[in-house]
Amino acid sequence: MINIQSLEKKFQETIAVSKIDLQLEEGQTIALLGPNGAGKTTTFRMLAGLIKPTSGSIIFDQVDESMDHRHYIGYLPQYPQFHGWMTGYEFLILIGELSGLTKKESRERASVLLKRTGLENAKNKRISGYSGGMKQRLGIAQAMIHKPKLLILDEPVSSLDPVGRRDVLDLLKALQEETTILFSTHILSDAEEISDYLVVMNEGHVVEQGKVQDLAIKYQKQVIKLSLSEAPEDWIETLHNLPYVKSIKQQSLNLYLETTNIAATREAILALIIENDLTLTHFSIEKTTLEEMFLEVIGFEATLPLIKKRITYAST
Ligand SMILES: Nc1ncnc2c1ncn2[C@@H]1O[C@H](COP(=O)(O)OP(=O)(O)OP(=O)(O)O)[C@@H](O)[C@H]1O
């Protein structure tokens with residue numbers, strides 16, 4: 001759908017986006033992840049046609065070449081501005097007319113979108129009285145007014161409380177059938193929940209990308225957590241020498257062994273325990289989450305495995 005080639009944006013000496021390449025497929029929900037200053041907003045603003053790239057290209061497939069490509073894009077900025085004195089309905093009609101719809105079309109589209117975004121009952125209320133989540137849903141409605149093929153949302157849930165956040169995530173899930181969605185976040189669980197493709201940026205570069213399930217497999221580590229009643233530091237070296245153990249991390253009395261073969265390492269640990277008459281106070285098999293992938297690719301090594309699934313084999 002969109003082919004981004006060697007896209008770069010410099011602000012004087014700052015390289016905000018550094019020659020990135022991306023292919024976005026129609027129908028996908030793509031999450032752009034990255035810490036503050038990674039270049040997410042700058043990338044979005046170039047895609048939305050709000051700022052010009054320093055170099056590189058953005059090519060839209062299967063669109064009418066004679067049309068401004070902004071026609072195909074709906075954009076919700078990170079800090080959307082509303083006229084608080086207007087009602088949600090009036091605001092959407094105004095945006096509809098500004099985007100080229102007739103008054104009648106704008107009214108019809110505004111009504112459809114207010115319903116779609118769960119704001120029908122608040123349509124005649126002033127926006128100044130809307131909650132954060134309602135404003136964000138209104139912002140999504142305004143971005144959808146001209147039926148864009150691609151909806152770009154800059155941090156749509158970051159500023160919301162848990163209720164507003166849930167409402168907006170559910171709305172995005174519902175909109176996936178209508179349009180391709182590209183949104184940014186620095187919260188991996190939100191990205192995992194609603195997107196099928198992840199792009200991770202750091203310091204202006206794309207440092208990882210792929211389908212969520214492929215990245216989960218690529219970065220999933222198998223970890224054995226165990227606790228001994230004895231001082232664990234005395235056993236770190238011995239455990240490290242067991243078959244298939246790649247690394248060991250210690251947190252107080254707990255040891256986390258990353259292994260490439262859970263079964264073989266488990267057998268070896270149990271043999272070691274019996275041989276040395278040690279007391280095992282905890283033994284479980286853990287799997288790391290994509291959060292660790294995120295920390296790894298942006299240059300932070302996670303201090304401990306972040307655990308998603310846990311299979312406890314023994315605990316005495
Ligand atoms: N108009 C500008 N003038 C100068 N520097 C800018 C401008 N806009 C962005 N930058 C710089 O470009 C870099 C990338 O900023 P950008 O806002 O794109 O990051 P981001 O990933 O969206 O971060 P955040 O999560 O904090 O919004 C930062 O170093 C930022 O200070």
# chains A, B, ... in the order shown; residues from 1 in each chain; ligands from 1
>>> residues_near_ligand(ligand="ligand 1", cutoff="7 Å", atoms="only C-alpha atoms and all ligand atoms", output="list in words")
Phe11, Thr14, Ile15, Ala16, Val17, Gly34, Pro35, Asn36, Gly37, Ala38, Gly39, Lys40, Thr41, Thr42, Thr43 and Gly204 of chain A
>>> residues_around(residues="Ser106 (chain A)", least_positions_apart="3", cutoff="10 Å", atoms="only C-alpha atoms", output="NGL selection string")
:A and (89-90 or 92-103 or 109-112 or 145-146)
>>> residues_around(residues="Ser184 (chain A)", least_positions_apart="4", cutoff="9 Å", atoms="only C-alpha atoms", output="PyMOL selection string")
chain A and resi 30-34+40-41+44+152-156+191
>>> write_last_selection(atoms="N, CA and C atoms", output="compact mmCIF listing (two decimals), in the first residue's frame")
# COMPACT_ATOMS: atom_id res chain seq x y z
N ILE A 30 -0.71 -1.55 11.99
CA ILE A 30 0.73 -1.51 12.23
C ILE A 30 1.01 -0.62 13.43
N ALA A 31 1.77 -1.14 14.38
CA ALA A 31 2.15 -0.32 15.54
C ALA A 31 3.58 0.14 15.36
N LEU A 32 3.78 1.45 15.51
CA LEU A 32 5.13 2.00 15.48
C LEU A 32 5.53 2.26 16.93
N LEU A 33 6.52 1.50 17.36
CA LEU A 33 6.95 1.57 18.76
C LEU A 33 8.27 2.29 18.86
N GLY A 34 8.47 2.96 19.97
CA GLY A 34 9.79 3.56 20.16
C GLY A 34 9.77 4.47 21.36
N LYS A 40 9.03 8.89 15.71
CA LYS A 40 7.69 8.41 15.32
C LYS A 40 6.83 9.55 14.76
N THR A 41 6.75 10.63 15.55
CA THR A 41 5.89 11.76 15.13
C THR A 41 6.40 12.35 13.82
N PHE A 44 5.31 10.19 10.98
CA PHE A 44 3.88 10.36 10.72
C PHE A 44 3.60 11.68 10.00
N ILE A 152 -3.78 7.31 10.44
CA ILE A 152 -2.52 7.45 11.19
C ILE A 152 -2.84 8.10 12.54
N LEU A 153 -2.49 7.42 13.61
CA LEU A 153 -2.84 7.91 14.94
C LEU A 153 -1.57 8.02 15.79
N ASP A 154 -1.27 9.23 16.22
CA ASP A 154 -0.04 9.44 16.99
C ASP A 154 -0.35 9.31 18.48
N GLU A 155 0.14 8.25 19.08
CA GLU A 155 -0.06 7.96 20.51
C GLU A 155 -1.52 8.13 20.91
N PRO A 156 -2.44 7.37 20.32
CA PRO A 156 -3.86 7.62 20.58
C PRO A 156 -4.32 7.30 22.00
N ALA A 191 0.31 -2.44 21.65
CA ALA A 191 0.70 -2.81 20.29
C ALA A 191 0.40 -4.28 20.05
>>> atom_distance(atom1="CA of Met293 (chain A)", atom2="CA of Leu169 (chain A)")
22.5 Å
>>> closest_residue(among="A:Leu280, A:Leu22, A:Leu272, A:Val168", to="Gln209 (chain A)", atoms="only C-alpha atoms")
A:Leu22
>>> select_by_dssp(residues="region 151-248 of chain A", states="alpha helix (DSSP H)", output="PyMOL selection string")
chain A and resi 162-175+188-194+212-219+236-240
>>> select_by_dssp(residues="region 45-226 of chain A", states="strand (DSSP E or B)", output="ChimeraX atom specification")
/A:55-60,73-76,87,126,150-153,180-185,197-202,205-211,222-226
>>> write_last_selection(atoms="C-alpha atoms", output="PDB file, in the first residue's frame")
ATOM      1  CA  SER A  55      15.273  13.087   1.210  1.00  0.00           C
ATOM      2  CA  GLY A  56      13.764   9.747   0.250  1.00  0.00           C
ATOM      3  CA  SER A  57      10.341   8.844  -1.053  1.00  0.00           C
ATOM      4  CA  ILE A  58       6.867   7.796   0.012  1.00  0.00           C
ATOM      5  CA  ILE A  59       5.078   5.905  -2.756  1.00  0.00           C
ATOM      6  CA  PHE A  60       1.380   5.100  -2.488  1.00  0.00           C
ATOM      7  CA  ILE A  73      -4.935   9.587   4.827  1.00  0.00           C
ATOM      8  CA  GLY A  74      -6.691  10.421   8.065  1.00  0.00           C
ATOM      9  CA  TYR A  75      -4.416  11.801  10.770  1.00  0.00           C
ATOM     10  CA  LEU A  76      -4.856  12.235  14.499  1.00  0.00           C
ATOM     11  CA  THR A  87     -20.617  20.307  19.991  1.00  0.00           C
ATOM     12  CA  ARG A 126     -19.961  20.921  24.030  1.00  0.00           C
ATOM     13  CA  LEU A 150      -4.959   4.800   5.925  1.00  0.00           C
ATOM     14  CA  LEU A 151      -5.603   6.067   9.437  1.00  0.00           C
ATOM     15  CA  ILE A 152      -2.520   7.449  11.194  1.00  0.00           C
ATOM     16  CA  LEU A 153      -2.840   7.913  14.943  1.00  0.00           C
ATOM     17  CA  THR A 180      -5.501   0.260   7.428  1.00  0.00           C
ATOM     18  CA  ILE A 181      -4.291   1.650  10.750  1.00  0.00           C
ATOM     19  CA  LEU A 182      -0.837   2.923  11.611  1.00  0.00           C
ATOM     20  CA  PHE A 183      -0.454   4.050  15.218  1.00  0.00           C
ATOM     21  CA  SER A 184       2.385   4.878  17.539  1.00  0.00           C
ATOM     22  CA  THR A 185       2.821   3.927  21.135  1.00  0.00           C
ATOM     23  CA  TYR A 197       2.750  -5.861  12.423  1.00  0.00           C
ATOM     24  CA  LEU A 198       5.290  -4.102  14.646  1.00  0.00           C
ATOM     25  CA  VAL A 199       7.896  -1.555  13.637  1.00  0.00           C
ATOM     26  CA  VAL A 200      10.377  -0.500  16.308  1.00  0.00           C
ATOM     27  CA  MET A 201      12.229   2.799  15.941  1.00  0.00           C
ATOM     28  CA  ASN A 202      15.091   4.139  17.994  1.00  0.00           C
ATOM     29  CA  HIS A 205      16.313   4.250  12.761  1.00  0.00           C
ATOM     30  CA  VAL A 206      14.016   1.279  12.230  1.00  0.00           C
ATOM     31  CA  VAL A 207      15.716  -1.264  14.468  1.00  0.00           C
ATOM     32  CA  GLU A 208      13.261  -4.149  14.108  1.00  0.00           C
ATOM     33  CA  GLN A 209      10.058  -4.966  12.290  1.00  0.00           C
ATOM     34  CA  GLY A 210       7.897  -7.977  11.592  1.00  0.00           C
ATOM     35  CA  LYS A 211       4.629  -9.745  12.223  1.00  0.00           C
ATOM     36  CA  GLN A 222      13.088 -20.128  27.521  1.00  0.00           C
ATOM     37  CA  VAL A 223      13.989 -19.489  31.092  1.00  0.00           C
ATOM     38  CA  ILE A 224      14.163 -21.704  34.153  1.00  0.00           C
ATOM     39  CA  LYS A 225      13.656 -19.946  37.447  1.00  0.00           C
ATOM     40  CA  LEU A 226      14.968 -21.714  40.504  1.00  0.00           C
TER      41      LEU A 226
END
>>> residues_around(residues="region 241-244 of chain A", least_positions_apart="5", cutoff="12 Å", atoms="only C-alpha atoms", output="PyMOL selection string")
chain A and resi 222-224+235-236+257-272
>>> atom_distance(atom1="CA of His69 (chain A)", atom2="CA of Glu177 (chain A)")
21.3 Å
>>> atom_distance(atom1="CA of Glu120 (chain A)", atom2="CA of Ala174 (chain A)")
16.4 Å
>>> residues_around(residues="Lys125 (chain A)", least_positions_apart="2", cutoff="9 Å", atoms="only C-alpha atoms", output="ChimeraX atom specification")
/A:86-89,121-123,127-130
>>> closest_residue(among="A:Val245, A:Met134, A:Leu228, A:Leu278", to="Leu171 (chain A)", atoms="only C-alpha atoms")
A:Met134
>>> closest_residue(among="A:Ile194, A:Ile140, A:Ala48, A:Ile298", to="Gln176 (chain A)", atoms="only C-alpha atoms")
A:Ile194
